[in-house]
>>> print(open('protein30.txt').read())   # compact mmCIF, C-alpha atoms and all ligand atoms
# COMPACT_ATOMS: atom_id res chain seq x y z
CA ILE A 14 0.39 -5.78 -34.84
CA LYS A 15 1.83 -5.04 -31.44
CA ILE A 16 5.43 -4.04 -31.07
CA LYS A 17 7.36 -5.01 -27.96
CA ILE A 18 9.25 -2.02 -26.70
CA THR A 19 12.67 -2.87 -25.39
CA GLU A 20 14.48 0.45 -25.47
CA LEU A 21 12.93 3.27 -23.47
CA PRO A 22 13.48 6.82 -24.68
CA ILE A 23 14.76 8.07 -21.34
CA PRO A 24 18.15 9.48 -20.26
CA VAL A 25 18.61 7.14 -17.28
CA ALA A 26 18.78 3.37 -16.90
CA PHE A 27 15.72 1.23 -16.30
CA ALA A 28 15.93 -2.14 -14.56
CA PRO A 29 14.32 -4.02 -11.66
CA ALA A 30 17.69 -3.79 -9.92
CA PHE A 31 16.98 -0.13 -9.12
CA GLU A 32 13.90 -1.02 -7.09
CA GLY A 33 15.58 -0.86 -3.70
CA GLU A 34 17.24 2.47 -4.48
CA ARG A 35 16.48 5.15 -1.91
CA ILE A 36 16.91 8.82 -2.63
CA ARG A 37 18.03 10.74 0.41
CA LYS A 38 17.16 14.35 1.01
CA ASP A 39 20.66 15.52 0.05
CA ASP A 40 20.61 13.67 -3.24
CA MET A 41 17.13 14.73 -4.12
CA TYR A 42 16.34 17.26 -6.82
CA ILE A 43 12.58 17.39 -6.26
CA GLU A 44 9.82 15.58 -4.43
CA PHE A 45 6.09 15.09 -4.83
CA GLY A 46 3.56 13.97 -2.23
CA GLY A 47 4.66 12.27 0.97
CA ASN A 48 2.23 14.50 2.86
CA LYS A 49 4.13 17.63 1.76
CA THR A 50 2.16 18.20 -1.42
CA GLU A 51 -0.88 16.52 -2.90
CA ALA A 52 -0.01 13.53 -5.05
CA TRP A 53 -2.11 10.75 -6.50
CA GLU A 54 -2.14 8.27 -9.30
CA LEU A 55 -4.83 6.54 -11.26
CA VAL A 56 -5.21 4.06 -14.06
CA LYS A 57 -8.52 4.40 -15.79
CA SER A 58 -9.99 2.41 -18.63
CA VAL A 59 -11.68 4.49 -21.28
CA ASP A 60 -13.10 3.76 -24.69
CA PRO A 61 -10.20 3.26 -27.11
CA SER A 62 -11.73 5.87 -29.42
CA GLU A 63 -11.05 8.49 -26.73
CA ILE A 64 -7.36 7.66 -26.60
CA GLU A 65 -4.67 9.10 -28.75
CA ASP A 66 -2.08 6.37 -28.46
CA HIS A 67 1.25 7.45 -26.94
CA LYS A 68 0.04 10.95 -26.16
CA ILE A 69 1.91 12.31 -23.15
CA GLU A 70 0.56 15.52 -21.72
CA ILE A 71 2.24 17.68 -19.08
CA ILE A 72 -0.18 20.05 -17.40
CA GLY A 73 1.59 22.57 -15.16
CA PRO A 74 5.26 23.38 -14.59
CA ASP A 75 7.97 20.85 -15.42
CA ILE A 76 10.65 20.10 -12.85
CA ASP A 77 13.18 22.53 -14.32
CA GLU A 78 10.73 25.39 -13.77
CA VAL A 79 10.54 25.06 -9.99
CA GLU A 80 12.25 27.39 -7.54
CA GLY A 81 13.02 26.83 -3.91
CA ASP A 82 14.87 24.40 -1.73
CA PRO A 83 13.76 21.72 -1.23
CA LYS A 84 11.85 21.73 -4.48
CA ARG A 85 8.35 20.36 -4.33
CA LEU A 86 5.38 20.08 -6.65
CA PRO A 87 1.95 18.53 -6.43
CA LEU A 88 1.50 15.66 -8.83
CA ALA A 89 -1.24 13.66 -10.48
CA ILE A 90 -0.43 10.79 -12.77
CA MET A 91 -3.34 9.65 -14.87
CA VAL A 92 -2.83 6.72 -17.18
CA GLU A 93 -5.72 6.10 -19.53
CA VAL A 94 -5.85 2.71 -21.19
CA GLY A 95 -8.22 1.14 -23.66
CA GLY A 96 -8.67 -2.18 -25.36
CA LYS A 97 -11.44 -4.61 -26.15
CA ASN A 98 -10.37 -7.04 -23.43
CA MET A 99 -9.82 -4.36 -20.80
CA GLN A 100 -12.05 -4.55 -17.69
CA GLU A 101 -12.60 -2.05 -14.91
CA ASP A 102 -11.47 -4.72 -12.41
CA PHE A 103 -8.02 -4.69 -13.99
CA GLU A 104 -7.47 -0.97 -13.36
CA PRO A 105 -6.02 -1.30 -9.82
CA VAL A 106 -3.66 -4.01 -11.01
CA LEU A 107 -2.22 -1.79 -13.71
CA GLU A 108 -2.21 1.11 -11.28
CA ARG A 109 -0.07 -0.78 -8.77
CA ARG A 110 2.51 -1.33 -11.47
CA ILE A 111 3.12 2.42 -11.60
CA HIS A 112 4.97 1.89 -8.32
CA TYR A 113 7.25 -0.74 -9.81
CA PHE A 114 7.84 0.96 -13.15
CA MET A 115 8.87 4.19 -11.46
CA ASN A 116 11.13 2.41 -9.00
CA TYR A 117 12.82 0.50 -11.81
CA THR A 118 13.95 3.89 -13.09
CA GLU A 119 17.42 4.93 -12.02
CA GLY A 120 17.24 8.04 -9.85
CA VAL A 121 13.51 7.84 -9.20
CA MET A 122 11.95 6.66 -5.96
CA HIS A 123 8.27 5.82 -5.57
CA VAL A 124 6.53 4.94 -2.32
CA GLY A 125 2.84 4.40 -1.61
CA GLN A 126 -0.09 4.31 -3.99
CA ARG A 127 -3.40 5.97 -4.79
CA ASP A 128 -3.38 9.32 -2.98
CA THR A 129 -0.57 8.44 -0.59
CA SER A 130 2.13 8.36 -3.22
CA TRP A 131 5.51 9.90 -2.53
CA ILE A 132 8.02 10.39 -5.32
CA ARG A 133 11.56 11.70 -5.40
CA ILE A 134 13.72 12.45 -8.40
CA GLY A 135 17.45 12.57 -7.74
CA LYS A 136 19.83 15.35 -8.72
CA GLU A 137 21.84 13.04 -10.93
CA ALA A 138 18.81 11.95 -12.93
CA PHE A 139 17.82 15.60 -13.37
CA GLU A 140 21.29 16.49 -14.59
CA LYS A 141 21.16 13.66 -17.10
CA GLY A 142 18.06 15.33 -18.51
CA PHE A 143 15.27 13.45 -16.78
CA ARG A 144 12.00 15.41 -16.99
CA LEU A 145 8.31 14.70 -16.36
CA LYS A 146 7.66 13.53 -19.92
CA HIS A 147 10.01 10.62 -19.25
CA ILE A 148 7.66 9.36 -16.56
CA GLY A 149 5.03 9.35 -19.28
CA GLU A 150 7.30 7.48 -21.67
CA ILE A 151 8.05 4.82 -19.08
CA LEU A 152 4.43 4.30 -18.10
CA TYR A 153 3.26 4.26 -21.69
CA ALA A 154 5.85 1.74 -22.81
CA LYS A 155 5.48 -0.57 -19.83
CA MET A 156 1.67 -0.61 -19.84
CA ILE A 157 1.65 -1.52 -23.53
CA ASP A 158 4.46 -3.98 -23.08
CA GLU A 159 3.36 -5.84 -19.96
CA PHE A 160 -0.38 -5.73 -20.43
CA ASP A 161 -0.58 -6.30 -24.15
CA SER A 162 -3.42 -8.79 -23.68
CA VAL A 163 -5.71 -5.98 -22.48
CA VAL A 164 -4.13 -2.63 -23.36
CA ASP A 165 -4.33 -1.70 -27.03
CA LYS A 166 -3.92 2.04 -26.56
CA CYS A 167 -2.58 4.22 -23.78
CA GLN A 168 -2.15 7.90 -23.03
CA VAL A 169 -0.64 9.58 -20.00
CA LYS A 170 -1.43 12.86 -18.27
CA ILE A 171 1.06 14.26 -15.79
CA ILE A 172 -0.33 17.17 -13.86
CA THR A 173 1.60 19.52 -11.55
CA ASP A 174 -0.81 22.44 -11.60
CA ALA A 175 -2.00 22.55 -7.97
CA GLU A 176 -5.57 23.50 -8.75
CA LYS A 177 -5.99 20.84 -11.44
CA VAL A 178 -4.41 18.20 -9.20
CA SER A 179 -7.05 18.88 -6.52
CA GLU A 180 -9.93 19.27 -8.91
CA LEU A 181 -9.24 16.05 -10.81
CA LYS A 182 -8.66 14.18 -7.59
CA GLN A 183 -12.22 14.93 -6.53
CA LYS A 184 -13.66 14.36 -9.97
CA GLU A 185 -11.71 11.37 -11.23
CA ALA A 186 -9.61 9.65 -8.59
CA GLU A 187 -11.65 9.67 -5.39
CA PRO A 188 -14.85 8.26 -6.93
CA LYS A 189 -12.77 5.40 -8.36
CA TYR A 190 -10.98 4.68 -5.08
CA ARG A 191 -14.29 4.78 -3.23
CA ALA A 192 -16.07 2.48 -5.67
CA ARG A 193 -13.26 -0.07 -5.40
CA ASP A 194 -13.38 0.04 -1.59
CA GLU A 195 -17.14 -0.31 -1.53
CA ARG A 196 -17.06 -3.34 -3.77
CA LEU A 197 -14.53 -4.92 -1.52
CA ALA A 198 -16.42 -4.01 1.66
CA SER A 199 -19.27 -6.28 0.62
CA LEU A 200 -16.96 -9.31 0.72
CA ARG A 201 -16.02 -11.29 3.80
CA ASP A 202 -13.32 -13.89 4.34
CA ASP A 203 -15.87 -16.55 5.16
CA ASN A 204 -17.92 -16.13 2.01
CA VAL A 205 -15.25 -16.63 -0.61
CA ASP A 206 -13.85 -20.02 -1.58
CA LYS A 207 -10.29 -18.92 -2.28
CA PHE A 208 -7.68 -16.51 -1.03
CA TYR A 209 -4.76 -15.35 -3.14
CA SER A 210 -1.06 -15.14 -2.54
CA CYS A 211 1.03 -12.27 -3.88
CA LEU A 212 4.74 -12.73 -4.52
CA LEU A 213 5.48 -9.42 -6.18
CA CYS A 214 7.82 -8.34 -3.39
CA GLN A 215 10.01 -11.41 -3.55
CA SER A 216 12.30 -9.43 -5.83
CA PHE A 217 13.75 -7.85 -2.68
CA ALA A 218 12.29 -9.97 0.14
CA PRO A 219 12.71 -13.48 -1.28
CA ALA A 220 10.86 -15.37 1.45
CA HIS A 221 7.94 -12.96 1.65
CA VAL A 222 4.46 -14.16 0.78
CA CYS A 223 1.40 -11.98 1.22
CA ILE A 224 -1.84 -13.89 1.70
CA VAL A 225 -4.57 -11.59 0.50
CA THR A 226 -8.12 -12.10 1.72
CA PRO A 227 -11.23 -9.94 1.30
CA GLU A 228 -10.77 -8.56 4.81
CA ARG A 229 -7.00 -8.40 4.81
CA LEU A 230 -5.41 -6.64 1.89
CA GLY A 231 -1.74 -6.88 0.98
CA LEU A 232 0.44 -4.93 3.36
CA CYS A 233 1.42 -2.41 0.69
CA GLY A 234 -2.23 -1.37 0.73
CA ALA A 235 -2.36 -1.70 -3.03
CA VAL A 236 -3.42 -5.29 -3.55
CA SER A 237 -6.90 -6.19 -2.44
CA TRP A 238 -8.48 -9.60 -2.85
CA LEU A 239 -10.23 -8.33 -5.97
CA ASP A 240 -6.92 -7.02 -7.33
CA ALA A 241 -5.16 -10.29 -6.63
CA LYS A 242 -7.97 -12.14 -8.37
CA ALA A 243 -7.72 -9.81 -11.37
CA THR A 244 -3.94 -10.20 -11.43
CA TYR A 245 -4.39 -13.94 -11.60
CA GLU A 246 -6.95 -13.62 -14.39
CA LEU A 247 -4.64 -11.31 -16.33
CA ASP A 248 -1.68 -13.61 -15.92
CA PRO A 249 -2.41 -17.13 -14.62
CA THR A 250 1.29 -17.89 -14.17
CA GLY A 251 1.99 -14.46 -12.64
CA PRO A 252 2.67 -13.17 -9.12
CA CYS A 253 -0.80 -13.83 -7.67
CA GLN A 254 -1.97 -17.39 -7.25
CA PRO A 255 -5.18 -18.81 -5.79
CA VAL A 256 -4.92 -20.47 -2.39
CA GLU A 257 -7.44 -23.10 -1.35
CA ILE A 258 -9.03 -22.63 2.08
CA GLU A 259 -8.94 -26.14 3.49
CA GLY A 260 -7.95 -27.98 6.63
CA LEU A 261 -9.05 -25.43 9.24
CA GLU A 262 -6.82 -25.58 12.31
CA ASP A 263 -7.91 -22.48 14.17
CA GLU A 264 -10.70 -20.21 13.09
CA VAL A 265 -9.90 -17.38 15.50
CA LYS A 266 -6.21 -17.18 14.69
CA GLY A 267 -6.84 -17.86 11.02
CA ILE A 268 -4.79 -21.01 10.52
CA TRP A 269 -5.46 -23.41 7.67
CA LYS A 270 -3.37 -26.38 6.57
CA SER A 271 -3.69 -25.52 2.88
CA ILE A 272 -2.47 -21.96 3.49
CA ASN A 273 0.52 -23.11 5.52
CA GLU A 274 1.45 -25.49 2.72
CA HIS A 275 1.12 -22.78 0.12
CA VAL A 276 3.27 -20.36 2.10
CA GLU A 277 5.87 -23.02 2.74
CA GLN A 278 6.09 -23.79 -0.94
CA LYS A 279 6.15 -20.17 -2.09
CA SER A 280 8.67 -19.05 0.53
CA GLY A 281 11.11 -21.72 -0.54
CA GLY A 282 10.63 -23.55 2.76
CA GLN A 283 11.51 -20.49 4.87
CA ILE A 284 8.09 -20.00 6.45
CA SER A 285 5.87 -22.94 7.23
CA ARG A 286 3.16 -21.56 9.48
CA ILE A 287 1.19 -18.34 9.44
CA SER A 288 -1.82 -17.09 11.36
CA LEU A 289 -3.78 -14.68 9.24
CA TYR A 290 -5.43 -12.92 12.16
CA SER A 291 -2.74 -12.91 14.85
CA ILE A 292 0.14 -10.56 15.55
CA MET A 293 1.55 -12.70 18.38
CA GLU A 294 1.64 -16.19 16.89
CA ASP A 295 3.23 -16.77 13.47
CA PRO A 296 2.21 -13.40 12.05
CA MET A 297 2.44 -12.90 8.33
CA THR A 298 5.87 -11.78 7.16
CA SER A 299 6.56 -8.21 6.07
CA CYS A 300 8.51 -7.27 2.95
CA GLY A 301 9.32 -3.57 3.21
CA CYS A 302 6.54 -1.62 1.52
CA PHE A 303 3.98 -1.79 4.33
CA GLU A 304 1.87 1.33 4.68
CA CYS A 305 1.83 0.94 8.46
CA ILE A 306 3.45 -1.04 11.22
CA ALA A 307 1.64 -2.29 14.29
CA GLY A 308 3.76 -3.07 17.34
CA ILE A 309 2.84 -4.14 20.83
CA MET A 310 2.94 -1.67 23.68
CA PRO A 311 2.89 -3.94 26.74
CA GLU A 312 2.22 -1.10 29.24
CA ALA A 313 -1.04 -0.37 27.47
CA ASN A 314 -1.95 -3.99 26.75
CA GLY A 315 -2.39 -3.08 23.13
CA VAL A 316 -0.67 -2.03 19.94
CA ILE A 317 0.47 1.21 18.47
CA ILE A 318 0.23 1.76 14.74
CA VAL A 319 2.47 4.12 12.82
CA ASN A 320 2.20 4.99 9.15
CA ARG A 321 5.13 5.58 6.83
CA GLU A 322 4.51 9.31 6.53
CA PHE A 323 4.86 9.94 10.26
CA ASP A 324 8.46 10.75 11.11
CA GLY A 325 8.27 11.34 14.85
CA ALA A 326 8.87 8.94 17.70
CA THR A 327 6.13 6.60 18.89
CA PRO A 328 5.29 5.50 22.44
CA VAL A 329 7.33 2.31 21.93
CA GLY A 330 10.40 4.52 21.62
CA MET A 331 10.94 3.95 17.91
CA THR A 332 10.17 5.79 14.71
CA PHE A 333 8.58 4.22 11.67
CA GLY A 334 12.03 3.74 10.15
CA GLU A 335 13.38 2.03 13.24
CA LEU A 336 10.36 -0.23 13.48
CA ALA A 337 10.60 -0.96 9.77
CA SER A 338 14.17 -2.17 10.03
CA MET A 339 13.14 -4.83 12.55
CA THR A 340 9.86 -5.77 10.89
CA GLY A 341 10.79 -5.98 7.21
CA GLY A 342 12.77 -8.33 5.04
CA GLY A 343 10.35 -11.24 4.89
CA VAL A 344 10.87 -12.62 8.40
CA GLN A 345 8.28 -13.27 11.10
CA THR A 346 8.56 -10.93 14.07
CA PRO A 347 5.88 -11.81 16.66
CA GLY A 348 4.50 -8.65 18.19
CA PHE A 349 5.21 -6.57 15.10
CA MET A 350 3.51 -6.59 11.74
CA GLY A 351 3.41 -4.54 8.58
CA HIS A 352 -0.02 -3.92 7.11
CA GLY A 353 -2.14 -1.73 4.89
CA ARG A 354 -4.09 1.30 6.15
CA TYR A 355 -7.34 -0.28 5.10
CA PHE A 356 -6.71 -3.32 7.32
CA ILE A 357 -6.94 -1.20 10.48
CA SER A 358 -10.71 -1.03 10.35
CA SER A 359 -11.12 -4.67 9.43
CA ARG A 360 -12.93 -7.03 11.81
CA LYS A 361 -9.99 -9.33 11.20
CA PHE A 362 -7.30 -6.92 12.35
CA MET A 363 -5.46 -9.03 14.96
CA SER A 364 -8.81 -10.58 15.81
CA ALA A 365 -6.99 -13.44 17.56
CA GLU A 366 -5.92 -10.90 20.20
CA GLY A 367 -9.22 -9.09 20.45
CA GLY A 368 -9.41 -7.10 17.22
CA PRO A 369 -8.95 -3.41 16.47
CA GLY A 370 -10.00 -2.63 20.06
CA ARG A 371 -6.33 -3.29 20.85
CA ILE A 372 -5.23 -0.15 19.05
CA VAL A 373 -4.06 2.35 21.66
CA TRP A 374 -2.07 4.93 19.70
CA MET A 375 -1.87 6.19 16.10
CA PRO A 376 -0.67 9.41 14.50
CA LYS A 377 -3.51 11.90 14.24
CA GLU A 378 -3.47 11.91 10.45
CA LEU A 379 -3.95 8.15 10.40
CA LYS A 380 -6.74 8.34 12.96
CA ASP A 381 -8.60 10.77 10.77
CA TYR A 382 -7.99 8.61 7.73
CA VAL A 383 -9.49 5.46 9.26
CA ARG A 384 -12.01 7.06 11.61
CA GLU A 385 -15.23 6.46 9.72
CA ASN A 386 -14.67 2.78 9.04
CA LEU A 387 -12.95 2.06 12.33
CA ASP A 388 -15.80 3.60 14.34
CA LYS A 389 -18.25 1.46 12.38
CA THR A 390 -16.27 -1.73 13.04
CA ALA A 391 -15.83 -0.95 16.75
CA LYS A 392 -19.55 -0.32 17.09
CA GLU A 393 -20.24 -3.68 15.46
CA LEU A 394 -17.66 -5.59 17.52
CA TYR A 395 -17.80 -3.89 20.92
CA GLY A 396 -20.87 -1.67 20.86
CA ILE A 397 -18.60 1.38 21.38
CA ASP A 398 -19.39 4.74 19.80
CA ASN A 399 -16.58 6.96 18.47
CA PHE A 400 -13.88 4.43 19.31
CA THR A 401 -11.24 6.37 17.36
CA ASP A 402 -11.44 9.16 19.95
CA MET A 403 -10.31 6.71 22.63
CA ILE A 404 -7.07 6.13 20.75
CA CYS A 405 -4.19 8.35 21.79
CA ASP A 406 -2.13 10.30 19.23
CA GLU A 407 0.99 12.48 19.12
CA THR A 408 -0.93 15.63 19.92
CA ILE A 409 -1.99 14.04 23.23
CA ALA A 410 1.03 11.97 24.29
CA THR A 411 3.97 9.98 22.99
CA ASP A 412 5.38 8.85 26.35
CA PRO A 413 4.07 5.53 27.73
CA ASP A 414 2.67 7.05 30.94
CA GLY A 415 0.88 9.80 29.09
CA VAL A 416 -0.66 7.26 26.73
CA VAL A 417 -1.83 4.99 29.53
CA ASN A 418 -3.32 7.93 31.44
CA TYR A 419 -5.29 8.95 28.37
CA LEU A 420 -6.57 5.40 27.84
CA GLN A 421 -7.71 5.21 31.48
CA GLU A 422 -9.44 8.54 31.19
CA LYS A 423 -11.30 7.35 28.10
CA GLY A 424 -12.07 3.84 29.39
CA HIS A 425 -10.25 2.30 26.44
CA PRO A 426 -11.29 -1.37 25.94
CA ALA A 427 -7.70 -2.70 25.60
CA LEU A 428 -7.16 -2.13 29.33
CA GLU A 429 -9.84 -4.72 30.08
CA MET A 430 -8.71 -7.33 27.57
CA ASP A 431 -6.66 -10.47 28.33
CA PRO A 432 -2.97 -9.72 28.85
CA LEU A 433 -1.28 -9.49 25.48
CA MET A 434 1.91 -11.05 26.77
FE1 LIG A 501 2.05 -8.07 -3.28
FE2 LIG A 501 2.29 -8.01 -0.67
FE3 LIG A 501 4.14 -6.86 -2.17
FE4 LIG A 501 1.73 -5.77 -1.95
S1 LIG A 501 3.22 -6.04 -0.33
S2 LIG A 501 2.85 -6.07 -3.83
S3 LIG A 501 0.44 -7.59 -1.81
S4 LIG A 501 3.67 -9.05 -2.07
ZN ZN A 502 6.22 -5.34 -0.46
>>> encode(input="protein30.txt", output="structure tokens")
Amino acid sequence: IKIKITELPIPVAFAPAFEGERIRKDDMYIEFGGNKTEAWELVKSVDPSEIEDHKIEIIGPDIDEVEGDPKRLPLAIMVEVGGKNMQEDFEPVLERRIHYFMNYTEGVMHVGQRDTSWIRIGKEAFEKGFRLKHIGEILYAKMIDEFDSVVDKCQVKIITDAEKVSELKQKEAEPKYRARDERLASLRDDNVDKFYSCLLCQSFAPAHVCIVTPERLGLCGAVSWLDAKATYELDPTGPCQPVEIEGLEDEVKGIWKSINEHVEQKSGGQISRISLYSIMEDPMTSCGCFECIAGIMPEANGVIIVNREFDGATPVGMTFGELASMTGGGVQTPGFMGHGRYFISSRKFMSAEGGPGRIVWMPKELKDYVRENLDKTAKELYGIDNFTDMICDETIATDPDGVVNYLQEKGHPALEMDPLM
């Protein structure tokens, strides 16, 4: 017999209404990740016999044992689930929910996913008695509650011991992330018969619809085509729905009649046309949880991309936050687009405008993150070796002239492409 848990044993409130809550530096008690410390999260299916149901383990110091200002700790959240209907393909779907469950918690902010997660706990929540074990209680209860068709047993490990966080990342998390990416890499948009929509973010961006394809993941970076498919299988009336690929209007821009109709219906009539592969013409809307934003830089005939973790100015004169405020909210903003990190190296990344060869500037950290795959794609598309090195970054220049000089020096392909505007 399964019991539905309604009351959570935590000292703060828990409700979807807290999702949009931001915790500013001054109100923050402690933070994890966000490029300052290592932080990652993983849901892993294991044999139910290896799970002690409702076990919550804290490995390393708790948040009341940390000195310093601002307080920081590394963090690994490992949720192990088991059940006879559980499948490995469902893992990323459950894992993405960590983001929502933590954000539903009053005084807790969660951004990102996998090994880009960034978590803040507010002073008020700490004073009310919120500790790490409560994260475990929330995740345990919600996994059992919301995924009762597949999760029979669940245990949670919360690790703040720096050495263990690194060691388990290499041993447990990275192989999983890699295997998921590799499975996805073998799929192409033109060899599947359905795409999926994701409406999870309509709770705060009511007109926003992500169309998720094998080569274009959801802009949060956490919902791949395989994940959307698994979400649909887990819950056929849930947030991800299949979209037929019919009535091709423009192959290069990625426009289909059936997709437009789906988006129109799901956005409540707000958006009636989208081009999957264009940033200039009817780009997909952005909610607010994009990992990156691409924006045109007319002087360079290309786009800059900035990731959420980068807090400096970009060559278009705006920071990530400033770009986010004009890109988010579920509206179409031609020339600007939120997207996942993984999309950058996709052949479909703004392919209507020439593809990833349009990228002229990215923060160095992001360049390093995408380098391997991006170089491979650029070689395939343009026959260019080491394309990532042609892209400018903040260590080279952030002023438009400096960027353009660098591109000229490197013979960057964007300079030779059709005018973007
Ligand atoms: Fe779904 Fe898109 Fe929101 Fe990600 S950003 S959860 S894919 S709607
Ligand atoms: Zn979103």
>>> closest_residue(input="protein30.txt", among="A:Lys177, A:Lys270, A:Lys423, A:Lys184", to="Gly73 (chain A)", atoms="all atoms listed in the file")
A:Lys177
>>> residues_around(input="protein30.txt", residues="Pro105 (chain A)", least_positions_apart="4", cutoff="9 Å", atoms="all atoms listed in the file", output="ChimeraX atom specification")
/A:55-57,101,109-110,193,235-237,240,243
>>> residues_near_point(input="protein30.txt", point="(-1.7, 7.0, -1.5)", cutoff="9 Å", atoms="only C-alpha atoms", output="list in words")
Gly46, Gly47, Ala52, Trp53, Glu54, Val124, Gly125, Gln126, Arg127, Asp128, Thr129, Ser130, Trp131, Gly234 and Ala235 of chain A
>>> residues_near_ligand(input="protein30.txt", ligand="ligand LIG 501 (chain A)", cutoff="6 Å", atoms="all atoms listed in the file", output="number ranges by chain")
A: 211-214, 222-223, 231-233, 235-236, 302
>>> atom_distance(input="protein30.txt", atom1="CA of Lys361 (chain A)", atom2="CA of Val225 (chain A)")
12.2 Å
>>> atom_distance(input="protein30.txt", atom1="CA of Thr226 (chain A)", atom2="CA of Lys392 (chain A)")
22.5 Å
>>> closest_residue(input="protein30.txt", among="A:Glu257, A:Asp194, A:Asp263, A:Asp324", to="Lys207 (chain A)", atoms="only C-alpha atoms")
A:Glu257
>>> closest_residue(input="protein30.txt", among="A:Pro22, A:Gly301, A:Pro328, A:Gly282", to="ligand ZN 502 (chain A)", atoms="all atoms listed in the file")
A:Gly301
>>> closest_residue(input="protein30.txt", among="A:Tyr245, A:Phe303, A:Phe208, A:Tyr113", to="ligand ZN 502 (chain A)", atoms="all atoms listed in the file")
A:Phe303
>>> residues_near_point(input="protein30.txt", point="(-9.4, -6.1, 5.5)", cutoff="10 Å", atoms="only C-alpha atoms", output="list in words")
Leu197, Ala198, Leu200, Arg201, Asp202, Val225, Thr226, Pro227, Glu228, Arg229, Leu230, Gly231, Gly234, Ser237, Trp238, His352, Gly353, Arg354, Tyr355, Phe356, Ile357, Ser358, Ser359, Arg360, Lys361 and Phe362 of chain A
>>> atom_distance(input="protein30.txt", atom1="CA of Ala28 (chain A)", atom2="CA of Thr118 (chain A)")
6.5 Å
>>> closest_residue(input="protein30.txt", among="A:Asn273, A:Gln345, A:Thr390, A:Asn320", to="Val256 (chain A)", atoms="all atoms listed in the file")
A:Asn273
>>> closest_residue(input="protein30.txt", among="A:Lys389, A:Gly396, A:Arg321, A:Ala175", to="Glu335 (chain A)", atoms="all atoms listed in the file")
A:Arg321
>>> residues_around(input="protein30.txt", residues="region 154-160 of chain A", least_positions_apart="3", cutoff="8 Å", atoms="all atoms listed in the file", output="PDB file with C-alpha atoms, in the frame of the given file")
ATOM      1  CA  LYS A  17       7.360  -5.010 -27.960  1.00  0.00           C
ATOM      2  CA  ILE A  18       9.250  -2.020 -26.700  1.00  0.00           C
ATOM      3  CA  LEU A  21      12.930   3.270 -23.470  1.00  0.00           C
ATOM      4  CA  LEU A 107      -2.220  -1.790 -13.710  1.00  0.00           C
ATOM      5  CA  PHE A 114       7.840   0.960 -13.150  1.00  0.00           C
ATOM      6  CA  GLU A 150       7.300   7.480 -21.670  1.00  0.00           C
ATOM      7  CA  ILE A 151       8.050   4.820 -19.080  1.00  0.00           C
ATOM      8  CA  VAL A 163      -5.710  -5.980 -22.480  1.00  0.00           C
ATOM      9  CA  VAL A 164      -4.130  -2.630 -23.360  1.00  0.00           C
ATOM     10  CA  ASP A 165      -4.330  -1.700 -27.030  1.00  0.00           C
ATOM     11  CA  LYS A 166      -3.920   2.040 -26.560  1.00  0.00           C
ATOM     12  CA  CYS A 167      -2.580   4.220 -23.780  1.00  0.00           C
TER      13      CYS A 167
END
>>> residues_around(input="protein30.txt", residues="Ser271 (chain A)", least_positions_apart="6", cutoff="10 Å", atoms="only C-alpha atoms", output="list in words")
Val256, Glu257, Ile258, Glu259, Gly260, Leu261, Glu262 and Glu277 of chain A
>>> residues_around(input="protein30.txt", residues="Lys84 (chain A)", least_positions_apart="4", cutoff="10 Å", atoms="only C-alpha atoms", output="list in words")
Met41, Tyr42, Ile43, Glu44, Phe45, Ile76, Asp77, Val79 and Glu80 of chain A
>>> decode(input="protein30.txt", residues="region 242-250 of chain A", atoms="N, CA and C atoms", output="tab-separated table (two decimals), in the first residue's frame")
chain	number	residue	atom	x	y	z
A	242	LYS	N	10.18	12.41	-24.06
A	242	LYS	CA	9.50	11.17	-24.42
A	242	LYS	C	9.20	10.34	-23.16
A	243	ALA	N	10.19	10.25	-22.29
A	243	ALA	CA	10.01	9.49	-21.04
A	243	ALA	C	8.97	10.16	-20.14
A	244	THR	N	8.98	11.49	-20.14
A	244	THR	CA	7.99	12.22	-19.33
A	244	THR	C	6.59	11.89	-19.81
A	245	TYR	N	6.45	11.85	-21.12
A	245	TYR	CA	5.14	11.51	-21.70
A	245	TYR	C	4.74	10.07	-21.34
A	246	GLU	N	5.71	9.17	-21.41
A	246	GLU	CA	5.40	7.77	-21.07
A	246	GLU	C	5.03	7.62	-19.60
A	247	LEU	N	5.70	8.39	-18.75
A	247	LEU	CA	5.40	8.33	-17.32
A	247	LEU	C	4.02	8.90	-17.00
A	248	ASP	N	3.67	9.94	-17.76
A	248	ASP	CA	2.43	10.63	-17.46
A	248	ASP	C	1.82	11.16	-18.76
A	249	PRO	N	1.00	10.34	-19.42
A	249	PRO	CA	0.48	10.73	-20.75
A	249	PRO	C	-0.37	12.00	-20.75
A	250	THR	N	-0.85	12.43	-19.61
A	250	THR	CA	-1.59	13.70	-19.61
A	250	THR	C	-0.74	14.82	-18.99
